[in-house]
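Reading through the structure tokens given below for one structure.
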Amino acid sequence: MPQSLSGKKILLGISGGIAAYKCADLTRRLIERGAQVQVVMTPAAKEFITPLTMQAVSGRPVSDSLLDPAAEASMGHIELAKWADLILLAPATSDLIARLRAGMGNDLLTTLILASNAPIAVAPAMNQQMYANVATQENISALTQRGMMIWGPAAGQQACGDVGYGRMLEPMELVAHCEAFFGPKPLQNIKLAITAGPTREAIDPVRYISNHSSGKMGFAIAEAAANMGADVTLISGPVALATPANVTRIDVESAEQMYKAAMEHAVINDIFISCAAVADYRPSQIADQKIKKTDDSDQMQIVMVKNPDIVASVAALKDKRPFTVGFAAETQDVKKYALGKLAKKNLDMICANDVSVEGLGFNSNDNALHLYWKNGEQALGTACKQHLAKQLLDIVVKQYQQYSK
Ligand code: C5P
């Protein structure tokens with residue numbers, strides 16, 4: 001077993017959700033890889049899995065009480081807070097997340113989180129409706145803004161029978177997150193800018209032309225790049241996604257706004273990735289007032305003009321040109337069109353995906369990519385966008401190193 005977590009001190013905070021039963025396995029997998037795991041349980045967590053089980057698998061007494069003189073005499077809550085290299089909250093219930101956001105310290109776990117400087121990773125686990133609730137979403141984005149890492153949740157069948165987002169990531173997925181967190185940082189000292197999501201091209205004050213891009217792929221790349229140590233600027237069209245931890249986000253709406261932000265940032269970044277689904281055309285004029293329906297004609301026409309090609313403009317920079325990566329979402333002849341764009345837009349790499357395949361590409365959680373660069377290519381098989389993002393960046397790093405030599 002590779003000792004990828006050798007000597008790492010992980011404080012595993014368990015709160016009261018059904019996914020707590022997976023924590024025994026999670027602890028074993030972390031320990032197998034060389035980590036030391038100290039378990040802290042909320043009172044509700046003990047209803048789902050016993051401290052005895054967690055003590056047996058972690059090899060350490062479980063901490064569960066703030067007011068226990070015996071426990072405080074061994075490793076008190078302040079010492080525990082200082083001991084951890086990483087605090088992993090799994091499962092993190094909606095209640096725990098709300099208490100974290102409020103800065104409460106009404107049990108041992110929340111108290112030591114308040115007292116700790118350690119990085120914190122939150123693995124949400126709850127019913128899909130609770131996860132979708134505005135209060136929970138606001139709490140999660142507040143935690144992200146404070147620099148906490150949010151790992152998951154995944155979508156799928158839930159213990160209550162519902163289907164949707166809210167399942168805790170599987171133990172091995174959490175282990176992979178820990179390995180990435182403690183692993184080498186190949187993008188350390190590298191500045192990376194990325195565009196993501198759709199653009200909106202206004203017709204009048206209430207209407208626009210847009211597309212189905214969810215922004216998930218671009219956000220996954222931004223998150224993976226930050227995890228790999230990059231200083232990341234994410235230029236995003238309108239999407240319903242939380243900003244990943246340690247990422248600077250710039251919100252834009254139209255292609256012209258995205259162009260302006262991208263050109264400003266391209267020259268101060270080492271790598272530029274254009275993942276956004278930029279509208280090729282925009283209405284030539286935006287009506288000042290809402291356009292009225294007329295009785296005398298069944299047709300209306302909107303004259304469209306071409307938007308600037310952002311990625312091609314970045315790649316055409318003569319001075320301070322970053323390593324430039326484009327995307328090509330195609331519905332046919334993927335390779336032919338991707339290679340055509342690589343050459344025509346003077347890109348260093350293009351990531352092609354076939355958006356005609358059901359369940360892949362736009363708005364889905366999975367994707368498959370085929371990467372092409374001047375003297376090479378590599379296929380990345382179907383996987384979740386987070387996993388693909390990491391694989392893609394591993395290849396970008398290698399090509400960037402050649403480029404910057
Ligand atoms: O739309 P097209 O297939 O040409 O897009 C390929 C690449 O060009 C993508 O990386 C996309 O983000 C980028 N693009 C752009 N500005 C545009 C159109 C596309 O940066 N106006």
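Scheme for the structure tokens: letters A, B, ... for chains in order shown; per-chain residue numbers from 1; ligand numbers from 1 in order shown.
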From a DSSP pass on the backbone, collect the residues of stretch 130-263 of chain A flagged as alpha helix (DSSP H) and hand them back as a PyMOL selection string.
chain A and resi 130-132+134-145+171-182+216-227+255-263
Could you pull out the residues sitting within 9 Å of ligand 1, using only C-alpha atoms and all ligand atoms, and write them as a PyMOL selection string?
chain A and resi 195-196+255-256+258-259+262+273-281+306-314+325-330+337-338+341-342+345+350-352
Could you give me, as a PyMOL selection string, the residues within 8 Å of A:Pro322, counting only C-alpha atoms and dropping anything in the same chain fewer than 4 positions from it?
chain A and resi 266-267+269-272+314-315
If you run DSSP on the backbone, which residues of stretch 25-267 of chain A are strand (DSSP E), as number ranges by chain?
A: 36-41, 86-92, 120-124, 149-150, 154-157, 163-167, 191-196, 201-204, 207-209, 231-236, 247-251
Fewer than 3 positions away in the same chain doesn't count, so skip those; otherwise give me all residues within 9 Å of stretch 384-400 of chain A, counting only C-alpha atoms, as a PDB file with N, CA and C atoms, in the first residue's frame.
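File written: around23.pdb
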```pdb
ATOM      1  N   PRO A 186       1.898  20.534  -8.258  1.00  0.00           N
ATOM      2  CA  PRO A 186       2.619  20.835  -9.501  1.00  0.00           C
ATOM      3  C   PRO A 186       2.316  22.210 -10.081  1.00  0.00           C
ATOM      4  N   LEU A 187       1.262  22.868  -9.605  1.00  0.00           N
ATOM      5  CA  LEU A 187       0.950  24.201 -10.140  1.00  0.00           C
ATOM      6  C   LEU A 187       1.306  25.322  -9.157  1.00  0.00           C
ATOM      7  N   LYS A 216     -20.083  23.546 -15.045  1.00  0.00           N
ATOM      8  CA  LYS A 216     -19.517  22.528 -14.130  1.00  0.00           C
ATOM      9  C   LYS A 216     -18.090  22.132 -14.502  1.00  0.00           C
ATOM     10  N   MET A 217     -17.819  21.977 -15.802  1.00  0.00           N
ATOM     11  CA  MET A 217     -16.469  21.551 -16.202  1.00  0.00           C
ATOM     12  C   MET A 217     -15.443  22.619 -15.829  1.00  0.00           C
ATOM     13  N   GLY A 218     -15.748  23.872 -16.159  1.00  0.00           N
ATOM     14  CA  GLY A 218     -14.811  24.970 -15.857  1.00  0.00           C
ATOM     15  C   GLY A 218     -14.592  25.117 -14.360  1.00  0.00           C
ATOM     16  N   PHE A 219     -15.671  24.998 -13.583  1.00  0.00           N
ATOM     17  CA  PHE A 219     -15.533  25.129 -12.131  1.00  0.00           C
ATOM     18  C   PHE A 219     -14.712  23.969 -11.574  1.00  0.00           C
ATOM     19  N   ALA A 220     -14.907  22.765 -12.147  1.00  0.00           N
ATOM     20  CA  ALA A 220     -14.137  21.608 -11.673  1.00  0.00           C
ATOM     21  C   ALA A 220     -12.647  21.817 -11.963  1.00  0.00           C
ATOM     22  N   ILE A 221     -12.345  22.407 -13.121  1.00  0.00           N
ATOM     23  CA  ILE A 221     -10.928  22.672 -13.456  1.00  0.00           C
ATOM     24  C   ILE A 221     -10.360  23.733 -12.508  1.00  0.00           C
ATOM     25  N   ALA A 222     -11.155  24.772 -12.246  1.00  0.00           N
ATOM     26  CA  ALA A 222     -10.685  25.826 -11.332  1.00  0.00           C
ATOM     27  C   ALA A 222     -10.391  25.225  -9.956  1.00  0.00           C
ATOM     28  N   GLU A 223     -11.279  24.360  -9.484  1.00  0.00           N
ATOM     29  CA  GLU A 223     -11.098  23.743  -8.164  1.00  0.00           C
ATOM     30  C   GLU A 223      -9.854  22.851  -8.152  1.00  0.00           C
ATOM     31  N   ALA A 224      -9.718  22.027  -9.191  1.00  0.00           N
ATOM     32  CA  ALA A 224      -8.569  21.111  -9.252  1.00  0.00           C
ATOM     33  C   ALA A 224      -7.262  21.904  -9.340  1.00  0.00           C
ATOM     34  N   ALA A 225      -7.279  23.000 -10.116  1.00  0.00           N
ATOM     35  CA  ALA A 225      -6.057  23.805 -10.263  1.00  0.00           C
ATOM     36  C   ALA A 225      -5.672  24.432  -8.922  1.00  0.00           C
ATOM     37  N   MET A 228      -4.092  21.974  -6.820  1.00  0.00           N
ATOM     38  CA  MET A 228      -2.737  21.649  -7.271  1.00  0.00           C
ATOM     39  C   MET A 228      -1.787  22.821  -7.041  1.00  0.00           C
ATOM     40  N   ASP A 270      -0.083  32.674 -16.387  1.00  0.00           N
ATOM     41  CA  ASP A 270       0.821  31.786 -17.122  1.00  0.00           C
ATOM     42  C   ASP A 270       0.041  30.840 -18.032  1.00  0.00           C
ATOM     43  N   ILE A 271      -1.160  30.474 -17.567  1.00  0.00           N
ATOM     44  CA  ILE A 271      -1.980  29.528 -18.329  1.00  0.00           C
ATOM     45  C   ILE A 271      -3.374  30.128 -18.467  1.00  0.00           C
ATOM     46  N   PHE A 323       0.154  30.159 -21.938  1.00  0.00           N
ATOM     47  CA  PHE A 323      -0.110  28.845 -22.540  1.00  0.00           C
ATOM     48  C   PHE A 323      -1.631  28.753 -22.669  1.00  0.00           C
ATOM     49  N   VAL A 325      -5.297  27.140 -23.756  1.00  0.00           N
ATOM     50  CA  VAL A 325      -6.045  25.884 -23.947  1.00  0.00           C
ATOM     51  C   VAL A 325      -7.494  26.214 -24.291  1.00  0.00           C
ATOM     52  N   ASP A 348      -2.445  26.066 -27.867  1.00  0.00           N
ATOM     53  CA  ASP A 348      -1.415  25.105 -27.469  1.00  0.00           C
ATOM     54  C   ASP A 348      -2.037  23.742 -27.220  1.00  0.00           C
ATOM     55  N   MET A 349      -3.313  23.747 -26.879  1.00  0.00           N
ATOM     56  CA  MET A 349      -3.995  22.469 -26.639  1.00  0.00           C
ATOM     57  C   MET A 349      -5.491  22.677 -26.824  1.00  0.00           C
ATOM     58  N   CYS A 351      -9.315  20.664 -25.992  1.00  0.00           N
ATOM     59  CA  CYS A 351      -9.986  19.560 -25.298  1.00  0.00           C
ATOM     60  C   CYS A 351     -11.323  19.370 -25.994  1.00  0.00           C
ATOM     61  N   SER A 364     -24.184  17.992 -17.722  1.00  0.00           N
ATOM     62  CA  SER A 364     -24.141  16.703 -17.015  1.00  0.00           C
ATOM     63  C   SER A 364     -22.964  16.706 -16.042  1.00  0.00           C
ATOM     64  N   ASN A 365     -22.925  15.674 -15.205  1.00  0.00           N
ATOM     65  CA  ASN A 365     -21.840  15.600 -14.214  1.00  0.00           C
ATOM     66  C   ASN A 365     -20.633  14.860 -14.758  1.00  0.00           C
ATOM     67  N   ASP A 366     -20.875  14.047 -15.788  1.00  0.00           N
ATOM     68  CA  ASP A 366     -19.780  13.279 -16.383  1.00  0.00           C
ATOM     69  C   ASP A 366     -19.382  13.877 -17.724  1.00  0.00           C
ATOM     70  N   ASN A 367     -18.202  13.511 -18.143  1.00  0.00           N
ATOM     71  CA  ASN A 367     -17.750  13.970 -19.443  1.00  0.00           C
ATOM     72  C   ASN A 367     -16.676  13.001 -19.928  1.00  0.00           C
ATOM     73  N   ALA A 368     -16.329  13.091 -21.188  1.00  0.00           N
ATOM     74  CA  ALA A 368     -15.176  12.373 -21.734  1.00  0.00           C
ATOM     75  C   ALA A 368     -14.490  13.375 -22.645  1.00  0.00           C
ATOM     76  N   LEU A 369     -13.167  13.405 -22.609  1.00  0.00           N
ATOM     77  CA  LEU A 369     -12.447  14.414 -23.390  1.00  0.00           C
ATOM     78  C   LEU A 369     -11.389  13.748 -24.249  1.00  0.00           C
ATOM     79  N   LEU A 371      -7.838  15.095 -25.828  1.00  0.00           N
ATOM     80  CA  LEU A 371      -6.955  16.263 -25.875  1.00  0.00           C
ATOM     81  C   LEU A 371      -6.018  16.151 -27.074  1.00  0.00           C
ATOM     82  N   TRP A 373      -2.713  18.288 -28.948  1.00  0.00           N
ATOM     83  CA  TRP A 373      -1.756  19.389 -29.001  1.00  0.00           C
ATOM     84  C   TRP A 373      -0.881  19.152 -30.217  1.00  0.00           C
ATOM     85  N   GLN A 378      -4.282  12.671 -26.373  1.00  0.00           N
ATOM     86  CA  GLN A 378      -4.603  11.689 -25.344  1.00  0.00           C
ATOM     87  C   GLN A 378      -6.112  11.696 -25.085  1.00  0.00           C
ATOM     88  N   LEU A 380      -9.209  10.926 -22.627  1.00  0.00           N
ATOM     89  CA  LEU A 380      -9.543  10.758 -21.216  1.00  0.00           C
ATOM     90  C   LEU A 380     -10.968  10.195 -21.180  1.00  0.00           C
ATOM     91  N   GLY A 381     -11.080   8.937 -20.758  1.00  0.00           N
ATOM     92  CA  GLY A 381     -12.372   8.241 -20.808  1.00  0.00           C
ATOM     93  C   GLY A 381     -13.406   8.841 -19.867  1.00  0.00           C
ATOM     94  N   TYR A 403       6.507  24.364 -22.934  1.00  0.00           N
ATOM     95  CA  TYR A 403       6.235  25.677 -23.523  1.00  0.00           C
ATOM     96  C   TYR A 403       7.075  26.765 -22.875  1.00  0.00           C
ATOM     97  N   SER A 404       7.223  26.672 -21.537  1.00  0.00           N
ATOM     98  CA  SER A 404       7.864  27.773 -20.828  1.00  0.00           C
ATOM     99  C   SER A 404       9.389  27.610 -20.742  1.00  0.00           C
ATOM    100  N   LYS A 405       9.903  26.499 -21.333  1.00  0.00           N
ATOM    101  CA  LYS A 405      11.353  26.264 -21.269  1.00  0.00           C
ATOM    102  C   LYS A 405      12.148  27.305 -22.039  1.00  0.00           C
TER     103      LYS A 405
END
```
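Around A:Thr110, within 9 Å and counting only C-alpha atoms, the residues found are Thr42, Leu96, Arg99, Leu100, Gly103, Met104, Gly105, Asn106, Asp107, Ile113, Leu114 and Ala115 of chain A, once anything fewer than 3 positions away on its own chain is removed.
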Keeping all heavy atoms, export the residues of the selection given above as a PDB file, in the first residue's frame.
```
ATOM      1  N   THR A  42     -19.950  14.067  17.318  1.00  0.00           N
ATOM      2  CA  THR A  42     -21.000  14.860  17.977  1.00  0.00           C
ATOM      3  C   THR A  42     -21.905  13.862  18.713  1.00  0.00           C
ATOM      4  O   THR A  42     -21.894  12.654  18.402  1.00  0.00           O
ATOM      5  CB  THR A  42     -21.841  15.643  16.948  1.00  0.00           C
ATOM      6  OG1 THR A  42     -22.528  14.702  16.129  1.00  0.00           O
ATOM      7  CG2 THR A  42     -20.983  16.560  16.092  1.00  0.00           C
ATOM      8  N   LEU A  96     -24.667  20.611  11.261  1.00  0.00           N
ATOM      9  CA  LEU A  96     -23.260  20.940  11.549  1.00  0.00           C
ATOM     10  C   LEU A  96     -22.808  22.111  10.673  1.00  0.00           C
ATOM     11  O   LEU A  96     -22.159  23.048  11.139  1.00  0.00           O
ATOM     12  CB  LEU A  96     -22.356  19.718  11.316  1.00  0.00           C
ATOM     13  CG  LEU A  96     -20.867  19.990  11.523  1.00  0.00           C
ATOM     14  CD1 LEU A  96     -20.556  20.376  12.971  1.00  0.00           C
ATOM     15  CD2 LEU A  96     -20.011  18.783  11.124  1.00  0.00           C
ATOM     16  N   ARG A  99     -24.121  25.286  11.990  1.00  0.00           N
ATOM     17  CA  ARG A  99     -23.421  25.703  13.214  1.00  0.00           C
ATOM     18  C   ARG A  99     -22.025  26.244  12.885  1.00  0.00           C
ATOM     19  O   ARG A  99     -21.560  27.194  13.495  1.00  0.00           O
ATOM     20  CB  ARG A  99     -23.360  24.537  14.207  1.00  0.00           C
ATOM     21  CG  ARG A  99     -24.752  24.241  14.798  1.00  0.00           C
ATOM     22  CD  ARG A  99     -24.719  23.277  15.959  1.00  0.00           C
ATOM     23  NE  ARG A  99     -24.349  21.934  15.603  1.00  0.00           N
ATOM     24  CZ  ARG A  99     -23.388  21.231  16.196  1.00  0.00           C
ATOM     25  NH1 ARG A  99     -22.698  21.763  17.187  1.00  0.00           N
ATOM     26  NH2 ARG A  99     -23.130  19.995  15.815  1.00  0.00           N
ATOM     27  N   LEU A 100     -21.377  25.646  11.896  1.00  0.00           N
ATOM     28  CA  LEU A 100     -20.055  26.145  11.481  1.00  0.00           C
ATOM     29  C   LEU A 100     -20.184  27.561  10.958  1.00  0.00           C
ATOM     30  O   LEU A 100     -19.400  28.439  11.267  1.00  0.00           O
ATOM     31  CB  LEU A 100     -19.469  25.284  10.357  1.00  0.00           C
ATOM     32  CG  LEU A 100     -19.065  23.860  10.651  1.00  0.00           C
ATOM     33  CD1 LEU A 100     -18.526  23.221   9.381  1.00  0.00           C
ATOM     34  CD2 LEU A 100     -18.016  23.828  11.739  1.00  0.00           C
ATOM     35  N   GLY A 103     -20.570  30.030  13.549  1.00  0.00           N
ATOM     36  CA  GLY A 103     -19.418  30.133  14.450  1.00  0.00           C
ATOM     37  C   GLY A 103     -19.743  29.639  15.847  1.00  0.00           C
ATOM     38  O   GLY A 103     -19.181  30.128  16.834  1.00  0.00           O
ATOM     39  N   MET A 104     -20.646  28.673  15.936  1.00  0.00           N
ATOM     40  CA  MET A 104     -21.030  28.168  17.261  1.00  0.00           C
ATOM     41  C   MET A 104     -19.975  27.233  17.822  1.00  0.00           C
ATOM     42  O   MET A 104     -19.198  26.631  17.082  1.00  0.00           O
ATOM     43  CB  MET A 104     -22.387  27.472  17.188  1.00  0.00           C
ATOM     44  CG  MET A 104     -23.511  28.491  17.000  1.00  0.00           C
ATOM     45  SD  MET A 104     -25.079  27.730  16.679  1.00  0.00           S
ATOM     46  CE  MET A 104     -25.471  27.101  18.293  1.00  0.00           C
ATOM     47  N   GLY A 105     -19.992  27.093  19.134  1.00  0.00           N
ATOM     48  CA  GLY A 105     -19.069  26.181  19.806  1.00  0.00           C
ATOM     49  C   GLY A 105     -19.831  25.458  20.895  1.00  0.00           C
ATOM     50  O   GLY A 105     -19.469  25.528  22.063  1.00  0.00           O
ATOM     51  N   ASN A 106     -20.912  24.781  20.482  1.00  0.00           N
ATOM     52  CA  ASN A 106     -21.774  24.176  21.495  1.00  0.00           C
ATOM     53  C   ASN A 106     -21.553  22.675  21.664  1.00  0.00           C
ATOM     54  O   ASN A 106     -22.345  21.974  22.253  1.00  0.00           O
ATOM     55  CB  ASN A 106     -23.252  24.478  21.204  1.00  0.00           C
ATOM     56  CG  ASN A 106     -23.674  24.017  19.825  1.00  0.00           C
ATOM     57  OD1 ASN A 106     -22.833  23.821  18.945  1.00  0.00           O
ATOM     58  ND2 ASN A 106     -24.950  23.837  19.616  1.00  0.00           N
ATOM     59  N   ASP A 107     -20.476  22.171  21.101  1.00  0.00           N
ATOM     60  CA  ASP A 107     -20.040  20.809  21.420  1.00  0.00           C
ATOM     61  C   ASP A 107     -18.530  20.748  21.163  1.00  0.00           C
ATOM     62  O   ASP A 107     -17.921  21.739  20.721  1.00  0.00           O
ATOM     63  CB  ASP A 107     -20.812  19.734  20.625  1.00  0.00           C
ATOM     64  CG  ASP A 107     -20.689  19.900  19.117  1.00  0.00           C
ATOM     65  OD1 ASP A 107     -19.795  20.656  18.667  1.00  0.00           O
ATOM     66  OD2 ASP A 107     -21.479  19.282  18.373  1.00  0.00           O
ATOM     67  N   ILE A 113     -13.025  23.306  16.185  1.00  0.00           N
ATOM     68  CA  ILE A 113     -12.918  23.926  14.853  1.00  0.00           C
ATOM     69  C   ILE A 113     -12.660  25.429  15.014  1.00  0.00           C
ATOM     70  O   ILE A 113     -11.823  26.016  14.328  1.00  0.00           O
ATOM     71  CB  ILE A 113     -14.192  23.654  14.020  1.00  0.00           C
ATOM     72  CG1 ILE A 113     -14.208  22.184  13.596  1.00  0.00           C
ATOM     73  CG2 ILE A 113     -14.264  24.562  12.801  1.00  0.00           C
ATOM     74  CD1 ILE A 113     -15.520  21.720  13.026  1.00  0.00           C
ATOM     75  N   LEU A 114     -13.378  26.043  15.975  1.00  0.00           N
ATOM     76  CA  LEU A 114     -13.169  27.474  16.226  1.00  0.00           C
ATOM     77  C   LEU A 114     -11.747  27.746  16.703  1.00  0.00           C
ATOM     78  O   LEU A 114     -11.170  28.787  16.408  1.00  0.00           O
ATOM     79  CB  LEU A 114     -14.142  27.972  17.309  1.00  0.00           C
ATOM     80  CG  LEU A 114     -15.591  28.175  16.896  1.00  0.00           C
ATOM     81  CD1 LEU A 114     -16.408  28.594  18.109  1.00  0.00           C
ATOM     82  CD2 LEU A 114     -15.707  29.227  15.808  1.00  0.00           C
ATOM     83  N   ALA A 115     -11.197  26.766  17.422  1.00  0.00           N
ATOM     84  CA  ALA A 115      -9.884  26.980  18.046  1.00  0.00           C
ATOM     85  C   ALA A 115      -8.734  26.542  17.142  1.00  0.00           C
ATOM     86  O   ALA A 115      -7.582  26.591  17.551  1.00  0.00           O
ATOM     87  CB  ALA A 115      -9.827  26.210  19.363  1.00  0.00           C
TER      88      ALA A 115
END
```
Name all residues at most 9 Å from A:Arg146 (count only C-alpha atoms; drop same-chain ones fewer than 5 positions away) and give them as a PDB file with N, CA, C and O atoms, in the first residue's frame.
```pdb
ATOM      1  N   SER A 141     -21.956  28.206   0.771  1.00  0.00           N
ATOM      2  CA  SER A 141     -21.120  29.196   0.085  1.00  0.00           C
ATOM      3  C   SER A 141     -20.385  30.098   1.065  1.00  0.00           C
ATOM      4  O   SER A 141     -19.259  30.504   0.780  1.00  0.00           O
ATOM      5  N   ALA A 245     -13.067  26.757  -3.253  1.00  0.00           N
ATOM      6  CA  ALA A 245     -12.184  27.377  -2.258  1.00  0.00           C
ATOM      7  C   ALA A 245     -10.905  27.875  -2.910  1.00  0.00           C
ATOM      8  O   ALA A 245     -10.392  27.247  -3.850  1.00  0.00           O
ATOM      9  N   ASN A 246     -10.408  28.984  -2.409  1.00  0.00           N
ATOM     10  CA  ASN A 246      -9.130  29.559  -2.861  1.00  0.00           C
ATOM     11  C   ASN A 246      -9.107  29.926  -4.341  1.00  0.00           C
ATOM     12  O   ASN A 246      -8.076  29.826  -5.004  1.00  0.00           O
TER      13      ASN A 246
END
```
Any idea what's packed within 12 Å of A:Gly183, counting only C-alpha atoms, ignoring anything in its chain fewer than 3 positions away? Could you give it as a ChimeraX atom specification?
/A:3-6,8,175-180,186-188,227-229
Just to be explicit: take each residue in the selection above, keep N, CA, C and O atoms, and write the result as a PDB file, in the first residue's frame.
```
ATOM      1  N   GLN A   3       2.287   4.731   0.904  1.00  0.00           N
ATOM      2  CA  GLN A   3       2.058   5.525   2.126  1.00  0.00           C
ATOM      3  C   GLN A   3       1.866   7.007   1.758  1.00  0.00           C
ATOM      4  O   GLN A   3       2.641   7.870   2.169  1.00  0.00           O
ATOM      5  N   SER A   4       0.826   7.254   0.991  1.00  0.00           N
ATOM      6  CA  SER A   4       0.598   8.595   0.454  1.00  0.00           C
ATOM      7  C   SER A   4       0.207   9.602   1.538  1.00  0.00           C
ATOM      8  O   SER A   4       0.269  10.810   1.307  1.00  0.00           O
ATOM      9  N   LEU A   5      -0.206   9.102   2.699  1.00  0.00           N
ATOM     10  CA  LEU A   5      -0.621  10.028   3.769  1.00  0.00           C
ATOM     11  C   LEU A   5       0.286   9.862   4.988  1.00  0.00           C
ATOM     12  O   LEU A   5      -0.115  10.172   6.118  1.00  0.00           O
ATOM     13  N   SER A   6       1.480   9.394   4.728  1.00  0.00           N
ATOM     14  CA  SER A   6       2.393   9.063   5.812  1.00  0.00           C
ATOM     15  C   SER A   6       2.576  10.223   6.808  1.00  0.00           C
ATOM     16  O   SER A   6       2.953  11.332   6.426  1.00  0.00           O
ATOM     17  N   LYS A   8       0.540  12.048   8.273  1.00  0.00           N
ATOM     18  CA  LYS A   8      -0.440  13.148   8.275  1.00  0.00           C
ATOM     19  C   LYS A   8      -1.446  12.938   9.405  1.00  0.00           C
ATOM     20  O   LYS A   8      -1.964  11.835   9.598  1.00  0.00           O
ATOM     21  N   VAL A 175     -10.679   9.674   0.454  1.00  0.00           N
ATOM     22  CA  VAL A 175      -9.239   9.385   0.564  1.00  0.00           C
ATOM     23  C   VAL A 175      -8.498  10.068  -0.589  1.00  0.00           C
ATOM     24  O   VAL A 175      -7.456  10.704  -0.391  1.00  0.00           O
ATOM     25  N   ALA A 176      -9.062   9.989  -1.797  1.00  0.00           N
ATOM     26  CA  ALA A 176      -8.410  10.612  -2.961  1.00  0.00           C
ATOM     27  C   ALA A 176      -8.304  12.121  -2.765  1.00  0.00           C
ATOM     28  O   ALA A 176      -7.286  12.738  -3.110  1.00  0.00           O
ATOM     29  N   HIS A 177      -9.354  12.731  -2.194  1.00  0.00           N
ATOM     30  CA  HIS A 177      -9.289  14.171  -1.900  1.00  0.00           C
ATOM     31  C   HIS A 177      -8.163  14.465  -0.906  1.00  0.00           C
ATOM     32  O   HIS A 177      -7.426  15.446  -1.061  1.00  0.00           O
ATOM     33  N   CYS A 178      -8.047  13.615   0.133  1.00  0.00           N
ATOM     34  CA  CYS A 178      -6.979  13.827   1.136  1.00  0.00           C
ATOM     35  C   CYS A 178      -5.615  13.693   0.461  1.00  0.00           C
ATOM     36  O   CYS A 178      -4.705  14.491   0.727  1.00  0.00           O
ATOM     37  N   GLU A 179      -5.474  12.686  -0.401  1.00  0.00           N
ATOM     38  CA  GLU A 179      -4.184  12.484  -1.086  1.00  0.00           C
ATOM     39  C   GLU A 179      -3.848  13.691  -1.949  1.00  0.00           C
ATOM     40  O   GLU A 179      -2.708  14.155  -1.982  1.00  0.00           O
ATOM     41  N   ALA A 180      -4.867  14.222  -2.655  1.00  0.00           N
ATOM     42  CA  ALA A 180      -4.621  15.394  -3.508  1.00  0.00           C
ATOM     43  C   ALA A 180      -4.250  16.587  -2.640  1.00  0.00           C
ATOM     44  O   ALA A 180      -3.360  17.369  -2.980  1.00  0.00           O
ATOM     45  N   PRO A 186       1.898  20.534  -8.258  1.00  0.00           N
ATOM     46  CA  PRO A 186       2.619  20.835  -9.501  1.00  0.00           C
ATOM     47  C   PRO A 186       2.316  22.210 -10.081  1.00  0.00           C
ATOM     48  O   PRO A 186       3.022  22.654 -10.973  1.00  0.00           O
ATOM     49  N   LEU A 187       1.262  22.868  -9.605  1.00  0.00           N
ATOM     50  CA  LEU A 187       0.950  24.201 -10.140  1.00  0.00           C
ATOM     51  C   LEU A 187       1.306  25.322  -9.157  1.00  0.00           C
ATOM     52  O   LEU A 187       0.856  26.462  -9.320  1.00  0.00           O
ATOM     53  N   GLN A 188       2.121  24.974  -8.160  1.00  0.00           N
ATOM     54  CA  GLN A 188       2.585  25.995  -7.205  1.00  0.00           C
ATOM     55  C   GLN A 188       3.291  27.119  -7.965  1.00  0.00           C
ATOM     56  O   GLN A 188       4.049  26.850  -8.905  1.00  0.00           O
ATOM     57  N   ASN A 227      -6.394  23.205  -6.002  1.00  0.00           N
ATOM     58  CA  ASN A 227      -5.878  22.095  -5.178  1.00  0.00           C
ATOM     59  C   ASN A 227      -4.447  21.732  -5.555  1.00  0.00           C
ATOM     60  O   ASN A 227      -3.685  21.233  -4.724  1.00  0.00           O
ATOM     61  N   MET A 228      -4.092  21.974  -6.820  1.00  0.00           N
ATOM     62  CA  MET A 228      -2.737  21.649  -7.271  1.00  0.00           C
ATOM     63  C   MET A 228      -1.787  22.821  -7.041  1.00  0.00           C
ATOM     64  O   MET A 228      -0.665  22.819  -7.517  1.00  0.00           O
ATOM     65  N   GLY A 229      -2.274  23.840  -6.358  1.00  0.00           N
ATOM     66  CA  GLY A 229      -1.389  24.917  -5.920  1.00  0.00           C
ATOM     67  C   GLY A 229      -1.435  26.177  -6.765  1.00  0.00           C
ATOM     68  O   GLY A 229      -0.729  27.133  -6.465  1.00  0.00           O
TER      69      GLY A 229
END
```
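The two atoms in question, atom CA of A:Ala92 and atom CA of A:Ile14, are spaced 7.0 Å apart.
The interatomic distance for the pair atom CA of A:Asn139 and atom CA of A:Arg200 works out to 27.8 Å.
Note that the spacing between atom CA of A:Ile10 and atom CA of A:Leu86 amounts to 5.0 Å.
Nearest to A:Glu32 of all the residues A:Phe48, A:Met172, A:Ile268, A:Pro61 is A:Met172, counting only C-alpha atoms.
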Selected residue of minimal separation from A:Ala20 among A:Arg167, A:Met148, A:Asn117, A:Val232, counting only C-alpha atoms
A:Arg167
